[in-house]
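Shown next: input.pdb, given as PDB, C-alpha atoms.
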```pdb
ATOM      1  CA  GLY A  29      19.236-113.718  89.148
ATOM      2  CA  VAL A  30      19.623-110.002  89.810
ATOM      3  CA  THR A  31      22.850-109.233  91.693
ATOM      4  CA  ASP A  32      25.742-106.795  92.052
ATOM      5  CA  GLN A  33      28.161-109.687  92.763
ATOM      6  CA  ALA A  34      28.129-111.739  89.553
ATOM      7  CA  GLN A  35      31.243-113.405  88.174
ATOM      8  CA  VAL A  36      32.083-115.681  85.280
ATOM      9  CA  LYS A  37      34.360-118.640  85.930
ATOM     10  CA  LEU A  38      36.263-120.122  82.998
ATOM     11  CA  GLU A  39      38.078-123.450  82.941
ATOM     12  CA  ALA A  40      40.490-124.649  80.289
ATOM     13  CA  VAL A  41      41.211-128.383  80.106
ATOM     14  CA  ASP A  42      44.098-129.834  78.112
ATOM     15  CA  ILE A  43      44.218-133.283  76.528
ATOM     16  CA  PHE A  44      45.887-134.700  79.661
ATOM     17  CA  GLY A  45      43.078-133.499  82.001
ATOM     18  CA  ASN A  46      44.966-130.561  83.473
ATOM     19  CA  VAL A  47      42.591-127.746  84.420
ATOM     20  CA  GLY A  48      43.332-124.043  84.573
ATOM     21  CA  SER A  49      40.693-121.560  85.722
ATOM     22  CA  ASP A  50      40.113-117.850  86.128
ATOM     23  CA  LEU A  51      37.324-115.619  87.476
ATOM     24  CA  SER A  52      36.105-112.409  85.901
ATOM     25  CA  ASP A  53      35.810-109.185  87.842
ATOM     26  CA  TYR A  54      32.538-108.638  89.655
ATOM     27  CA  PHE A  55      29.731-107.235  87.507
ATOM     28  CA  SER A  56      26.026-106.556  87.878
ATOM     29  CA  VAL A  57      23.140-108.551  86.479
ATOM     30  CA  THR A  58      20.183-106.215  86.091
ATOM     31  CA  ASP A  59      16.497-107.005  85.964
ATOM     32  CA  ASN A  60      15.140-107.283  82.440
ATOM     33  CA  THR A  61      12.038-109.357  83.209
ATOM     34  CA  PRO A  62       8.735-107.504  83.563
ATOM     35  CA  PRO A  63       6.350-108.583  86.311
ATOM     36  CA  THR A  64       3.174-110.533  85.622
ATOM     37  CA  VAL A  65      -0.324-109.604  86.775
ATOM     38  CA  VAL A  66      -3.710-111.278  86.354
ATOM     39  CA  ILE A  67      -6.986-109.712  87.498
ATOM     40  CA  ASP A  68      -9.461-112.057  89.128
ATOM     41  CA  THR A  69     -12.786-112.345  87.306
ATOM     42  CA  THR A  70     -15.136-109.415  87.776
ATOM     43  CA  SER A  71     -18.918-109.582  87.651
ATOM     44  CA  ASP A  72     -21.723-107.051  87.372
ATOM     45  CA  MET A  73     -21.693-104.325  90.041
ATOM     46  CA  ASN A  74     -24.149-101.857  91.555
ATOM     47  CA  ILE A  75     -23.621 -98.101  91.762
ATOM     48  CA  GLY A  76     -22.220 -97.152  95.177
ATOM     49  CA  GLU A  77     -21.312-100.754  96.038
ATOM     50  CA  SER A  78     -17.977-101.457  97.715
ATOM     51  CA  VAL A  79     -16.279-104.082  95.529
ATOM     52  CA  ASN A  80     -13.115-105.933  96.499
ATOM     53  CA  LEU A  81     -10.948-105.967  93.362
ATOM     54  CA  THR A  82      -8.326-108.731  93.537
ATOM     55  CA  TRP A  83      -5.351-109.779  91.444
ATOM     56  CA  VAL A  84      -2.272-112.009  91.447
ATOM     57  CA  ALA A  85       1.112-110.467  90.581
ATOM     58  CA  SER A  86       4.688-111.721  90.684
ATOM     59  CA  ASP A  87       8.185-110.746  89.628
ATOM     60  CA  ASN A  88      11.723-112.073  89.836
ATOM     61  CA  THR A  89      12.612-109.077  92.041
ATOM     62  CA  ILE A  90      10.384-106.840  94.153
ATOM     63  CA  LEU A  91       7.034-105.413  93.080
ATOM     64  CA  GLU A  92       6.970-101.631  93.535
ATOM     65  CA  LYS A  93       3.337-100.642  92.901
ATOM     66  CA  HIS A  94       0.038-101.369  91.177
ATOM     67  CA  LYS A  95      -2.014 -98.727  89.375
ATOM     68  CA  LEU A  96      -5.742 -99.417  89.122
ATOM     69  CA  TYR A  97      -7.962 -97.932  86.401
ATOM     70  CA  TYR A  98     -11.533 -98.248  85.148
ATOM     71  CA  ALA A  99     -13.210 -97.526  81.810
ATOM     72  CA  LEU A 100     -16.942 -97.209  81.242
ATOM     73  CA  GLY A 101     -17.121 -98.327  77.632
ATOM     74  CA  ILE A 102     -15.410-100.192  74.853
ATOM     75  CA  ASN A 103     -13.727 -97.142  73.319
ATOM     76  CA  GLU A 104     -13.493 -95.101  76.524
ATOM     77  CA  THR A 105     -10.176 -94.101  78.060
ATOM     78  CA  PHE A 106      -9.164 -95.540  81.407
ATOM     79  CA  THR A 107      -9.448 -93.328  84.494
ATOM     80  CA  LEU A 108      -7.078 -93.757  87.438
ATOM     81  CA  ILE A 109      -8.725 -95.220  90.541
ATOM     82  CA  ASP A 110      -5.660 -95.352  92.798
ATOM     83  CA  SER A 111      -2.057 -96.501  93.111
ATOM     84  CA  VAL A 112      -1.212 -99.073  95.793
ATOM     85  CA  ASP A 113       1.923-100.685  97.211
ATOM     86  CA  GLY A 114       3.482-103.601  95.342
ATOM     87  CA  SER A 115       2.671-106.025  98.142
ATOM     88  CA  SER A 116      -1.084-105.356  97.785
ATOM     89  CA  THR A 117      -3.294-107.965  96.147
ATOM     90  CA  ASN A 118      -6.680-106.313  96.579
ATOM     91  CA  TYR A 119      -8.416-102.932  96.658
ATOM     92  CA  ASN A 120     -11.869-101.894  97.911
ATOM     93  CA  TRP A 121     -13.423 -99.813  95.142
ATOM     94  CA  ILE A 122     -16.625 -97.789  95.463
ATOM     95  CA  VAL A 123     -18.416 -98.216  92.127
ATOM     96  CA  PRO A 124     -19.002 -94.784  90.531
ATOM     97  CA  ASN A 125     -22.425 -93.229  89.942
ATOM     98  CA  VAL A 126     -22.694 -94.196  86.260
ATOM     99  CA  VAL A 127     -24.483 -96.889  84.282
ATOM    100  CA  SER A 128     -22.540 -99.047  81.830
ATOM    101  CA  ASP A 129     -22.925-102.389  80.127
ATOM    102  CA  SER A 130     -19.266-102.558  79.087
ATOM    103  CA  ALA A 131     -17.113-101.381  81.988
ATOM    104  CA  ARG A 132     -13.612-102.753  82.577
ATOM    105  CA  ILE A 133     -10.876-102.685  85.222
ATOM    106  CA  ARG A 134      -7.182-102.416  84.298
ATOM    107  CA  ILE A 135      -4.209-103.015  86.588
ATOM    108  CA  GLU A 136      -0.662-101.987  85.728
ATOM    109  CA  THR A 137       2.052-103.597  87.865
ATOM    110  CA  TYR A 138       5.566-102.142  88.216
ATOM    111  CA  ASP A 139       8.708-103.680  89.694
ATOM    112  CA  VAL A 140      11.559-101.816  91.435
ATOM    113  CA  VAL A 141      13.335-100.992  88.153
ATOM    114  CA  ASN A 142      10.073 -99.683  86.627
ATOM    115  CA  LEU A 143       9.423-102.611  84.287
ATOM    116  CA  SER A 144       5.687-103.132  83.973
ATOM    117  CA  SER A 145       2.901-105.277  82.639
ATOM    118  CA  ALA A 146      -0.875-104.940  82.705
ATOM    119  CA  ASP A 147      -4.073-106.933  82.625
ATOM    120  CA  THR A 148      -7.587-105.817  81.741
ATOM    121  CA  SER A 149     -10.723-107.450  83.128
ATOM    122  CA  ASN A 150     -13.567-108.913  81.185
ATOM    123  CA  TYR A 151     -16.513-106.578  80.459
ATOM    124  CA  PHE A 152     -19.055-106.137  83.234
ATOM    125  CA  ALA A 153     -22.150-104.031  83.854
ATOM    126  CA  ILE A 154     -22.584-101.212  86.342
ATOM    127  CA  ILE A 155     -26.233-101.250  87.363
ATOM    128  CA  ASP A 156     -28.366 -98.529  88.966
ATOM    129  CA  THR A 157     -30.202-100.030  91.953
ATOM    130  CA  ILE A 158     -30.676 -96.728  93.819
ATOM    131  CA  ILE A 159     -34.366 -95.908  94.369
ATOM    132  CA  PRO A 160     -35.520 -92.416  93.288
ATOM    133  CA  GLU A 161     -36.488 -90.031  96.075
ATOM    134  CA  ILE A 162     -39.907 -88.355  96.004
ATOM    135  CA  ALA A 163     -41.734 -86.166  98.501
ATOM    136  CA  VAL A 164     -45.322 -84.879  98.249
ATOM    137  CA  LEU A 165     -45.368 -81.128  98.994
ATOM    138  CA  ALA A 166     -49.125 -80.505  98.573
ATOM    139  CA  PRO A 167     -51.803 -81.246  99.575
ATOM    140  CA  VAL A 168     -50.787 -81.277 103.222
ATOM    141  CA  LEU A 169     -52.415 -82.355 106.452
ATOM    142  CA  GLY A 170     -55.387 -80.134 107.155
ATOM    143  CA  ASP A 171     -56.219 -79.265 103.529
ATOM    144  CA  SER A 172     -59.906 -79.799 102.670
ATOM    145  CA  ILE A 173     -60.724 -80.399  99.005
ATOM    146  CA  PRO A 174     -64.360 -80.727  97.947
ATOM    147  CA  GLU A 175     -65.165 -83.738  95.801
ATOM    148  CA  ASN A 176     -65.348 -83.277  92.030
ATOM    149  CA  THR A 177     -63.113 -80.196  92.076
ATOM    150  CA  GLN A 178     -59.702 -79.676  90.581
ATOM    151  CA  PHE A 179     -56.783 -79.189  92.896
ATOM    152  CA  ALA A 180     -53.031 -78.837  92.521
ATOM    153  CA  THR A 181     -50.612 -81.378  93.843
ATOM    154  CA  THR A 182     -46.886 -80.695  93.963
ATOM    155  CA  TRP A 183     -43.890 -82.847  94.667
ATOM    156  CA  SER A 184     -40.137 -82.953  94.644
ATOM    157  CA  ALA A 185     -38.429 -85.885  92.923
ATOM    158  CA  SER A 186     -34.802 -86.732  92.205
ATOM    159  CA  ASP A 187     -32.639 -89.645  91.170
ATOM    160  CA  ASN A 188     -28.899 -90.312  91.036
ATOM    161  CA  ILE A 189     -29.014 -90.918  87.245
ATOM    162  CA  GLY A 190     -32.250 -89.305  86.017
ATOM    163  CA  LEU A 191     -35.993 -89.652  86.332
ATOM    164  CA  ASP A 192     -38.018 -91.305  83.591
ATOM    165  CA  SER A 193     -41.454 -90.250  84.822
ATOM    166  CA  VAL A 194     -43.610 -89.474  87.848
ATOM    167  CA  ARG A 195     -46.938 -91.328  88.056
ATOM    168  CA  VAL A 196     -49.831 -89.670  89.873
ATOM    169  CA  TYR A 197     -52.550 -91.902  91.348
TER
END
```

Once more with this new file: its structure as structure tokens, please.
Amino acid sequence: GVTDQAQVKLEAVDIFGNVGSDLSDYFSVTDNTPPTVVIDTTSDMNIGESVNLTWVASDNTILEKHKLYYALGINETFTLIDSVDGSSTNYNWIVPNVVSDSARIRIETYDVVNLSSADTSNYFAIIDTIIPEIAVLAPVLGDSIPENTQFATTWSASDNIGLDSVRVY
């Protein structure tokens, strides 16, 4: 137990059962036990989705904060998402605009004396489910194109990740 009011009591007993005792001066017992943290299982996520990240953390004293990170690949460095209060057990994360088949979440938990521990999630995929945007610019209403003649059609197309192709029918 962590306290500023610790004492040691000693008793000496002789062969006749007489007991003498003494107490030490007060001293402090400091925290030397890091907290524990376990991330709940993550599954595949969609770009732009709001995902509720959850975890379980405990300590023999008070939890100070949790730092949340993500990495997009096996050998990628972790990027800070946010830091939250030690009493938090969840965080709503907006999945970034990237595609990955080996993303991970990492949570570092700190107690009031700055001892820490961390847990890293299993690998999960970040999937692009955002539909590309396309707009036909020409021909427009009122254009008259004779049959069997060439004409120009124009469009504007974009995607959050990148276009593969535009098919003209």

Within 7 Å of range 115-118 of chain A using all atoms listed in the file, minus same-chain residues under 5 positions, as a list of chain:residue names: A:Asn80, A:Leu81, A:Thr82, A:Trp83, A:Val84, A:Leu91

One-decimal distance in Å that lies between CA of Tyr98 in chain A and CA of Ser130 in chain A: 10.7 Å

Nearest candidate to His94 in chain A (options A:Ala166, A:Leu143, A:Val123, A:Val57; using only C-alpha atoms): A:Leu143

Expected selection from the PyMOL selection byres ((chain A and resi 144) around 12), given as JSON, numbers by chain: {"A": [59, 60, 61, 62, 63, 64, 65, 85, 86, 87, 90, 91, 92, 93, 94, 95, 114, 135, 136, 137, 138, 139, 140, 141, 142, 143, 145, 146, 147]}

Quick one: everything within 12 Å of Thr181 in chain A, counting all atoms listed in the file, minus sequence neighbours fewer than 4 positions away in the same chain. Send it as a compact mmCIF listing (two decimals) with C-alpha atoms, keeping the file's coordinate frame.
```
# COMPACT_ATOMS: atom_id res chain seq x y z
CA ALA A 163 -41.73 -86.17 98.50
CA VAL A 164 -45.32 -84.88 98.25
CA LEU A 165 -45.37 -81.13 98.99
CA ALA A 166 -49.12 -80.50 98.57
CA PRO A 167 -51.80 -81.25 99.58
CA VAL A 168 -50.79 -81.28 103.22
CA ASP A 171 -56.22 -79.26 103.53
CA ILE A 173 -60.72 -80.40 99.00
CA VAL A 196 -49.83 -89.67 89.87
CA TYR A 197 -52.55 -91.90 91.35
```

Hey, what comes out of the PyMOL selection byres ((chain A and resi 38) around 6) on this file? Could you write it as a compact mmCIF listing (two decimals) with C-alpha atoms, keeping the file's coordinate frame?
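Written out: out13.txt:
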```txt
# COMPACT_ATOMS: atom_id res chain seq x y z
CA LYS A 37 34.36 -118.64 85.93
CA GLU A 39 38.08 -123.45 82.94
CA SER A 49 40.69 -121.56 85.72
CA ASP A 50 40.11 -117.85 86.13
```

Selection near range 149-157 of chain A, 6 Å with all atoms listed in the file, sequence-local residues under 4 positions removed, as a PyMOL selection string: chain A and resi 71-75+127-133

Give me a file of those residues, with C-alpha atoms, as a PDB file, in the coordinates of the input.
```pdb
ATOM      1  CA  SER A  71     -18.918-109.582  87.651  1.00  0.00           C
ATOM      2  CA  ASP A  72     -21.723-107.051  87.372  1.00  0.00           C
ATOM      3  CA  MET A  73     -21.693-104.325  90.041  1.00  0.00           C
ATOM      4  CA  ASN A  74     -24.149-101.857  91.555  1.00  0.00           C
ATOM      5  CA  ILE A  75     -23.621 -98.101  91.762  1.00  0.00           C
ATOM      6  CA  VAL A 127     -24.483 -96.889  84.282  1.00  0.00           C
ATOM      7  CA  SER A 128     -22.540 -99.047  81.830  1.00  0.00           C
ATOM      8  CA  ASP A 129     -22.925-102.389  80.127  1.00  0.00           C
ATOM      9  CA  SER A 130     -19.266-102.558  79.087  1.00  0.00           C
ATOM     10  CA  ALA A 131     -17.113-101.381  81.988  1.00  0.00           C
ATOM     11  CA  ARG A 132     -13.612-102.753  82.577  1.00  0.00           C
ATOM     12  CA  ILE A 133     -10.876-102.685  85.222  1.00  0.00           C
TER      13      ILE A 133
END
```

Distance criterion (all atoms listed in the file): nearest to Val66 in chain A out of A:Ser52, A:Thr148, A:Thr31, A:Thr182: A:Thr148

Length of the CA of Asp110 in chain A to CA of Tyr97 in chain A vector [Å]: 7.3 Å

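Atom to atom, CA of Ile109 in chain A and CA of Thr70 in chain A stand 15.8 Å apart.
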
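Of the listed residues (A:Asn88, A:Pro160, A:Arg134, A:Leu51), A:Asn88 comes nearest to Gly29 in chain A; the distances count all atoms listed in the file.
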
Hits of the PyMOL selection byres ((chain A and resi 162) around 6) in this structure, as a count of residues only: 4
